[in-house]
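Notes to accompany the following structure.
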Amino acid sequence: MKHTAYGTRYSAFGLALLAFLAVFTSAPASDLESRVFEYDLKNGLHIIVYVDSSAPVVSTSAWYKVGSYDEPLGHTGLSHMLEHLTFKHTDIYKPGDFDRIVDSAGGNNNGFTSTYFTAYYEDFAKDRYEMAMKIEAARMGKCVFPDSEFESEHQVVSEERRLHDNYPAGELWEQFGATAQLVNPERNPTIGWSDDVRNFTVKAVRDWYTRHYNPANAVLVVSGDVRPEDVKAKAEEHFGKLKGTPVERRSYYDVEPKQNGERRITIRKRVRVPNLLIGYHVPGVRDSAWYAGEVAGGIIGGGETSRLYKKLVTELGLATGVWGGAGVSRDPSLFQVGVTPKAESLIPRIEQVVQSELDRAATELATERELQQVRNQVLAGQAFGRDNLFGMAYRLASNYILFGTWRQVTDYPEHINRVTAEQVRDYCRTYLTPENRTTGILVSAKESK
Amino acid sequence: MRHFRLQISDCRLPAPLCLLALGFCLLTSPLSALPLYRDSLSNGLVILTYEDHRLPTAVVSLVCRSGAACDPRDKAGTAAMMADLLTRGTATMSGDSVKSIVEFLGAGFSGSATDDNCGIDIRTLTKDLGTALDLMADAVLHPTFAQREMEIARSRMMSDARGIFDDPGSEVTVEFGKLLYGDHPYGRLGSGDTTSIPLIRREDIVAFHSTYFRPNNCYVVAVGDIKRKDFVAELEKRLGAWTPTPVPAFTETPLTMPDRIRVKLITRKDMNQTYVEFGHPGIRATDADMITTRLMSYILGGSAMSSRLGISVREEAGLAYDVRCWYDRNRLEGAFHATVQTAKPKEAIALMLRDIKLMCDSGATKKELEKAHNYYTGSFPLTYASTRGKLGQVQTMELYGYGMDWLDKFPDRIRAVTLEAVNKAAREHISPGRYWMVILGPVTKEDLGLTDVEWIE
């Protein structure tokens, strides 16, 4: 895992963790080809089935190719607001029905929004998974948004936004991202900027739903103790009559202006623990260099034997925690290093040490042991990553949406195995440079002038 | 929580609630129908193995039945530091060497503590299980608690302890714990605080380990691609010489039920939302009506959307993203908690106090209980979903002495809970108007409109 998720209070902790695992681990290739099945309905709904009969359980999830990446200026957070409202009211379900049905059937359900997709899931005993199909079909095509329900849920989402406002480290993340990326919509928080959240309208939500929620813009993943032909038949029955309209996703692949010098922000809040984030513009997943970034991230900032941890925490005692690695983005993205300094006064020294280590990586070749450790971790992650049905659904769907194929799950280790020490060095030399750097610092308002 | 590149920052249902619900669900598995076995080594160390050959992986946990509640009075964090240091060096291997082996294999090796237990976990591919068991046994039998590693751990713990006050959700929980538990062992932070952590000395760590980390006070849980007989034999080889020693008895301090609502207000003008936590002494994990009480609290506040509190505070009034209540499940008397985060604390608190009192006075309905029955019995198969889930089930079952048939009978016990029993539990385990309450946010006493309360200065 490349990134250390910090904070345990917020709603997304578990899911964010899953997000990392989804990309940085993959299932053993040996038997996935015989366990994964794909279908397309005539209306464009893409279906992925993962068969695992080790327990009589099924995780059913619907994934929409819309997220904060797609939101226009002034409407950030709209996908997330819509996600909340799709639990309310459809042609046949009234507010509260989804949860009552799922709870009564002993299931789990939830929804979440990310940069590139919005997803919903229900976990049920296998004899009940068709209930999930029915719910998701209604959500896909039959939601209604009465004004009164919008107002109430708008307040709920505003409260969720306030949870972020009162978490200083979250503020650093938001503003660091928006400083590093000037144009690409990845700069926007998924929950939306406060002013945008305040000004949501029910009309905008309805329009967003109409535009993005249909079978041709969705992926259905059914994971667990199922027979693929049954899934296909049930999917046809519940989703087949919905009209599919392909949605063209606007690309922001090359919109970001070249960075020609370091950018810095300092946030002063009532905090007792300082925080340091450093980011560098790097290629996204559609560039083959991304894999070198994966390996570089493992060597530089992955775990307690990484170069940065050994230097900053173990050897010099300047920090209590450090992580680093490249992001998982369709567009050019950031390689990030996060440090928890022991004290604010140590931050300048820490910055020097970090850049010094990155400079070393840009000139010296990684050792064979370092490369092998990353490969071993990927292979172990493959196995551990199979332990959860929704986790597998997440891997299959997110890889399908981000990489265009679920087979990225099995291809990933091969790509990592092919990365050479020279490629890692060249990656660091090309991208991890001071002029390509953005630095964000969170320090105490009380102690700072 | 936000990950900049692949943001999964916003889900509709608060994830802690999902995890809480899942944690309870995990107790429903009928382990006797599963390949679960209980053996012991020649020194009495109990070994619970759960064979699960789906994947070439295994997780092994060595649990000590004494946790942070046994920390020296002024040295909170001792158990947590001891458990962490177990993974950071032995007589024959430095901490760096241990980490180097673990991370090279892509495995995981960590130590942690709760109020009731502490221990070490290792996660590995099956092919490396022998190496993993070597590391675990060496850690248990020959830890060095090296000063260098101890200072690194101390720095990390101090940072975490300070960080609690950078997160209002954590801060309000800590403050609530101080009020409710006072000098009770659960009143100390298991992870330590900024006063206690600097006081912990190496001899405290050594003493905790030698006193409590004994085979007669520990057990091993292993789940995954293992063979019971082979596994037990391998452990006998590695841990059979570990010597039992009598462990001191634990003296419990009774909790105080407040005679009214006693409120600690922390005003923070730079916030735009108020965090509230209130409650009173609850029950023990081993109390006879634990299941009944938890069913009652599920109906009352088990879900931010479909429980009574969820419907009134979130769904109808739109006052909060997350609102819930629950009972701790600890060896000693735990707490009944209710929490909310809201820009309108006056209104939210009023609704919560009303709904909780209503549950006590009037009880649940037949329909609500039926839904709760369905939820817990229906979610039973989900407990098979993960290795970690199985590990958690078995750890808890053994820690609280539920017995090998406990999980097998859990669904039946759920179905056997009657409406009368639920309503009796509400009457007996909810004390309306007698709460410890912490309010943290941009509000004053006047803003809150609370009457008949005592303010704690």
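Numbering starts fresh at 1 for the residues of each chain in the structure tokens, the chains themselves are lettered A, B, ... in the order given, and ligands are numbered from 1 as they appear.
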
message = List the spatial neighbours of stretch 216-228 of chain A as an NGL selection string - criterion: any atom at most 8 Å away, only C-alpha atoms, same-chain residues fewer than 6 positions off excluded.
response = :A and (37 or 43-65 or 126 or 244-247 or 389-390 or 392-393 or 396-397)

Write out as a CSV table (one decimal) with N, CA and C atoms, in the first residue's frame every residue belonging to chain A that has an atom at most 6 Å from any atom of chain B, counting only C-alpha atoms.
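Once everything was written out, this is result01.csv:
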chain,number,residue,atom,x,y,z
A,10,TYR,N,-13.6,9.8,9.8
A,10,TYR,CA,-14.4,10.1,8.7
A,10,TYR,C,-15.0,8.9,8.0
A,11,SER,N,-16.0,9.2,7.3
A,11,SER,CA,-16.8,8.1,6.7
A,11,SER,C,-16.0,7.2,5.8
A,12,ALA,N,-15.0,7.7,5.2
A,12,ALA,CA,-14.4,7.0,4.0
A,12,ALA,C,-13.2,6.2,4.4
A,13,PHE,N,-12.9,6.1,5.7
A,13,PHE,CA,-11.7,5.4,6.0
A,13,PHE,C,-11.6,4.0,5.4
A,16,ALA,N,-11.6,4.1,1.6
A,16,ALA,CA,-10.3,4.7,1.0
A,16,ALA,C,-9.3,3.6,1.1
A,55,ALA,N,-18.5,-19.3,0.3
A,55,ALA,CA,-19.5,-18.9,1.3
A,55,ALA,C,-20.8,-18.5,0.6
A,84,HIS,N,-26.4,10.5,-2.5
A,84,HIS,CA,-27.3,10.5,-1.4
A,84,HIS,C,-28.7,10.4,-1.8
A,103,ASP,N,-31.9,-4.0,5.6
A,103,ASP,CA,-31.7,-4.4,7.0
A,103,ASP,C,-32.6,-5.6,7.4
A,104,SER,N,-33.8,-5.6,6.9
A,104,SER,CA,-34.7,-6.7,7.2
A,104,SER,C,-34.2,-8.0,6.6
A,105,ALA,N,-33.5,-7.9,5.5
A,105,ALA,CA,-33.0,-9.2,4.9
A,105,ALA,C,-31.6,-9.5,5.4
A,106,GLY,N,-31.1,-8.8,6.4
A,106,GLY,CA,-29.8,-9.1,7.0
A,106,GLY,C,-28.7,-8.8,6.1
A,107,GLY,N,-28.8,-7.7,5.3
A,107,GLY,CA,-27.8,-7.3,4.4
A,107,GLY,C,-27.0,-6.1,4.8
A,110,ASN,N,-24.5,0.3,1.0
A,110,ASN,CA,-23.9,1.7,1.1
A,110,ASN,C,-23.7,2.2,-0.3
A,111,GLY,N,-23.3,3.5,-0.4
A,111,GLY,CA,-22.9,4.0,-1.7
A,111,GLY,C,-21.7,4.9,-1.4
A,112,PHE,N,-20.9,5.2,-2.4
A,112,PHE,CA,-19.8,6.2,-2.3
A,112,PHE,C,-19.5,6.8,-3.6
A,113,THR,N,-18.8,7.9,-3.5
A,113,THR,CA,-18.5,8.7,-4.7
A,113,THR,C,-17.0,8.9,-4.7
A,114,SER,N,-16.4,8.8,-5.9
A,114,SER,CA,-14.9,9.0,-6.0
A,114,SER,C,-14.7,10.0,-7.2
A,115,THR,N,-13.4,10.1,-7.5
A,115,THR,CA,-13.1,11.0,-8.6
A,115,THR,C,-13.7,10.5,-9.9
A,125,ALA,N,-27.1,-12.7,1.7
A,125,ALA,CA,-27.1,-14.1,1.5
A,125,ALA,C,-27.5,-14.4,0.1
A,152,SER,N,-34.1,18.2,2.8
A,152,SER,CA,-33.6,17.5,4.0
A,152,SER,C,-32.2,16.9,3.8
A,155,GLN,N,-29.3,19.2,3.7
A,155,GLN,CA,-28.8,19.6,5.1
A,155,GLN,C,-27.9,18.5,5.6
A,156,VAL,N,-28.2,17.2,5.3
A,156,VAL,CA,-27.4,16.1,5.7
A,156,VAL,C,-26.0,16.2,5.0
A,159,GLU,N,-23.9,18.9,6.5
A,159,GLU,CA,-23.3,18.4,7.8
A,159,GLU,C,-22.1,17.6,7.5
A,160,GLU,N,-22.2,16.7,6.4
A,160,GLU,CA,-21.0,15.9,6.1
A,160,GLU,C,-19.9,16.8,5.6
A,166,ASN,N,-13.9,20.7,9.8
A,166,ASN,CA,-13.4,20.7,11.2
A,166,ASN,C,-12.2,19.8,11.4
A,167,TYR,N,-11.7,19.3,10.3
A,167,TYR,CA,-10.6,18.3,10.4
A,167,TYR,C,-9.4,19.0,9.7
A,271,VAL,N,-3.7,23.1,15.6
A,271,VAL,CA,-3.3,21.7,15.6
A,271,VAL,C,-2.1,21.5,16.5
A,272,ARG,N,-2.0,20.3,17.0
A,272,ARG,CA,-0.8,19.9,17.8
A,272,ARG,C,0.2,19.1,17.0
A,273,VAL,N,-0.3,18.5,16.0
A,273,VAL,CA,0.7,17.7,15.1
A,273,VAL,C,0.8,18.3,13.8
A,320,THR,N,7.7,11.0,12.8
A,320,THR,CA,7.1,9.8,13.4
A,320,THR,C,6.4,8.9,12.3
A,327,GLY,N,0.0,8.3,-7.4
A,327,GLY,CA,-1.4,8.2,-7.4
A,327,GLY,C,-1.9,7.3,-8.5
A,328,VAL,N,-3.2,7.0,-8.4
A,328,VAL,CA,-3.9,6.1,-9.4
A,328,VAL,C,-4.9,7.0,-10.1
A,373,GLN,N,11.6,-6.9,-3.4
A,373,GLN,CA,10.6,-6.7,-2.3
A,373,GLN,C,9.3,-6.1,-2.8
A,376,ASN,N,7.5,-9.0,-4.5
A,376,ASN,CA,6.9,-9.9,-3.5
A,376,ASN,C,5.7,-9.3,-2.8
A,377,GLN,N,5.7,-8.0,-2.6
A,377,GLN,CA,4.6,-7.4,-1.9
A,377,GLN,C,3.4,-7.4,-2.8
A,380,ALA,N,2.0,-11.0,-2.8
A,380,ALA,CA,1.3,-11.3,-1.5
A,380,ALA,C,0.0,-10.5,-1.5
A,387,ASP,N,-9.7,-11.8,-0.3
A,387,ASP,CA,-10.3,-12.2,0.9
A,387,ASP,C,-11.7,-11.7,1.2
A,388,ASN,N,-12.2,-10.8,0.3
A,388,ASN,CA,-13.4,-10.1,0.5
A,388,ASN,C,-14.2,-9.9,-0.8

ask   = Which neighbours of A:Trp290 fall inside 10 Å, counting only C-alpha atoms, when residues of the same chain fewer than 5 positions from it are skipped, and could you give them as a list in words?
value =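 So the residues in contact are Val282, Pro283, Gly284, Val285, Val295, Ala296, Ala326, Gly327, Val328, Ser329, Pro332, Ser333, Phe335, His415, Ile416 and Tyr427 of chain A.
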
task = May I ask which of the residues A:Lys258, A:Lys142, A:Arg349, A:Arg249 is the closest one to A:Leu318, counting only C-alpha atoms?
result =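 Closest candidate: A:Arg349.
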
Distance in Å - atom CA of B:Leu179 versus atom CA of B:Ala335 = 11.3 Å

request  = Apply DSSP to the backbone of this structure and, from stretch 145-339 of chain B, keep only the residues in strand (DSSP E); write these as a PyMOL selection string.
outcome  = chain B and resi 218-224+261-267+274-281+323-327+335-339

How about saving the chosen residues, C-alpha atoms kept, as a PDB file, in the first residue's frame?
ATOM      1  CA  CYS B 218      -2.698 -16.066  26.349  1.00  0.00           C
ATOM      2  CA  TYR B 219      -4.210 -17.882  23.399  1.00  0.00           C
ATOM      3  CA  VAL B 220      -3.463 -18.231  19.729  1.00  0.00           C
ATOM      4  CA  VAL B 221      -5.978 -17.902  16.932  1.00  0.00           C
ATOM      5  CA  ALA B 222      -4.995 -19.007  13.442  1.00  0.00           C
ATOM      6  CA  VAL B 223      -7.199 -18.741  10.380  1.00  0.00           C
ATOM      7  CA  GLY B 224      -6.409 -19.691   6.843  1.00  0.00           C
ATOM      8  CA  ILE B 261     -27.284  15.290  33.068  1.00  0.00           C
ATOM      9  CA  ARG B 262     -23.793  16.569  33.754  1.00  0.00           C
ATOM     10  CA  VAL B 263     -22.321  18.505  30.867  1.00  0.00           C
ATOM     11  CA  LYS B 264     -18.814  19.515  29.959  1.00  0.00           C
ATOM     12  CA  LEU B 265     -18.875  22.238  27.336  1.00  0.00           C
ATOM     13  CA  ILE B 266     -15.786  23.008  25.285  1.00  0.00           C
ATOM     14  CA  THR B 267     -16.417  26.100  23.214  1.00  0.00           C
ATOM     15  CA  THR B 274     -20.765  20.796  17.219  1.00  0.00           C
ATOM     16  CA  TYR B 275     -19.730  17.333  18.345  1.00  0.00           C
ATOM     17  CA  VAL B 276     -21.803  15.722  21.059  1.00  0.00           C
ATOM     18  CA  GLU B 277     -21.312  12.496  22.979  1.00  0.00           C
ATOM     19  CA  PHE B 278     -23.308  11.433  25.990  1.00  0.00           C
ATOM     20  CA  GLY B 279     -24.186   8.290  27.892  1.00  0.00           C
ATOM     21  CA  HIS B 280     -23.839   6.440  31.148  1.00  0.00           C
ATOM     22  CA  PRO B 281     -22.519   3.132  32.535  1.00  0.00           C
ATOM     23  CA  VAL B 323     -26.189   9.853  14.623  1.00  0.00           C
ATOM     24  CA  ARG B 324     -26.160   6.613  16.572  1.00  0.00           C
ATOM     25  CA  CYS B 325     -25.977   4.890  19.908  1.00  0.00           C
ATOM     26  CA  TRP B 326     -24.419   1.675  21.159  1.00  0.00           C
ATOM     27  CA  TYR B 327     -23.260  -0.306  24.169  1.00  0.00           C
ATOM     28  CA  ALA B 335     -20.707   2.468  28.507  1.00  0.00           C
ATOM     29  CA  PHE B 336     -23.898   3.318  26.706  1.00  0.00           C
ATOM     30  CA  HIS B 337     -22.956   5.966  24.139  1.00  0.00           C
ATOM     31  CA  ALA B 338     -24.953   8.310  21.952  1.00  0.00           C
ATOM     32  CA  THR B 339     -23.232  10.627  19.457  1.00  0.00           C
TER      33      THR B 339
END

task = Assign secondary structure with DSSP using the backbone only, and return the residues of stretch 55-125 of chain B in helix (DSSP H, G or I) as a VMD selection string.
result = chain B and resid 68 to 70 78 to 86 95 to 104

inquiry  = Would you compute the distance between atom CA of B:Arg331 and atom CA of B:Ile283? Give it in Å to one decimal.
reply    = 9.1 Å

ask   = When you draw a straight line from atom CA of A:Gln382 to atom CA of B:Lys227, how long is it in Å?
value =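 So the answer is 22.1 Å.
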
task = Could you give me, as a list of chain:residue names, the residues within 12 Å of B:Thr365, counting only C-alpha atoms and dropping anything in the same chain fewer than 3 positions from it?
result = B:Met296, B:Ile299, B:Leu300, B:Arg308, B:Leu358, B:Met359, B:Ser362, B:Glu368, B:Leu369, B:Glu370, B:Lys371, B:Ala372, B:Thr418, B:Leu419, B:Glu420, B:Ala421, B:Val422, B:Asn423

Mind writing the picked residues with C-alpha atoms as an mmCIF file, in the first residue's frame?
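Output (part.cif):
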data_model
loop_
_atom_site.group_PDB
_atom_site.id
_atom_site.type_symbol
_atom_site.label_atom_id
_atom_site.label_comp_id
_atom_site.auth_asym_id
_atom_site.auth_seq_id
_atom_site.Cartn_x
_atom_site.Cartn_y
_atom_site.Cartn_z
ATOM 1 C CA MET B 296 -32.612 -2.820 21.776
ATOM 2 C CA ILE B 299 -33.499 -0.504 17.150
ATOM 3 C CA LEU B 300 -32.816 2.763 18.919
ATOM 4 C CA ARG B 308 -35.202 5.580 15.525
ATOM 5 C CA LEU B 358 -39.292 7.063 24.704
ATOM 6 C CA MET B 359 -37.504 3.763 24.225
ATOM 7 C CA SER B 362 -42.560 2.693 25.925
ATOM 8 C CA GLU B 368 -39.059 -3.178 15.021
ATOM 9 C CA LEU B 369 -38.007 -6.312 16.822
ATOM 10 C CA GLU B 370 -38.875 -8.428 13.824
ATOM 11 C CA LYS B 371 -36.660 -6.257 11.673
ATOM 12 C CA ALA B 372 -33.843 -6.568 14.197
ATOM 13 C CA THR B 418 -38.853 -11.436 22.964
ATOM 14 C CA LEU B 419 -40.386 -8.010 22.867
ATOM 15 C CA GLU B 420 -40.859 -8.170 26.598
ATOM 16 C CA ALA B 421 -37.167 -8.868 27.101
ATOM 17 C CA VAL B 422 -36.163 -5.997 24.833
ATOM 18 C CA ASN B 423 -38.421 -3.610 26.671
#
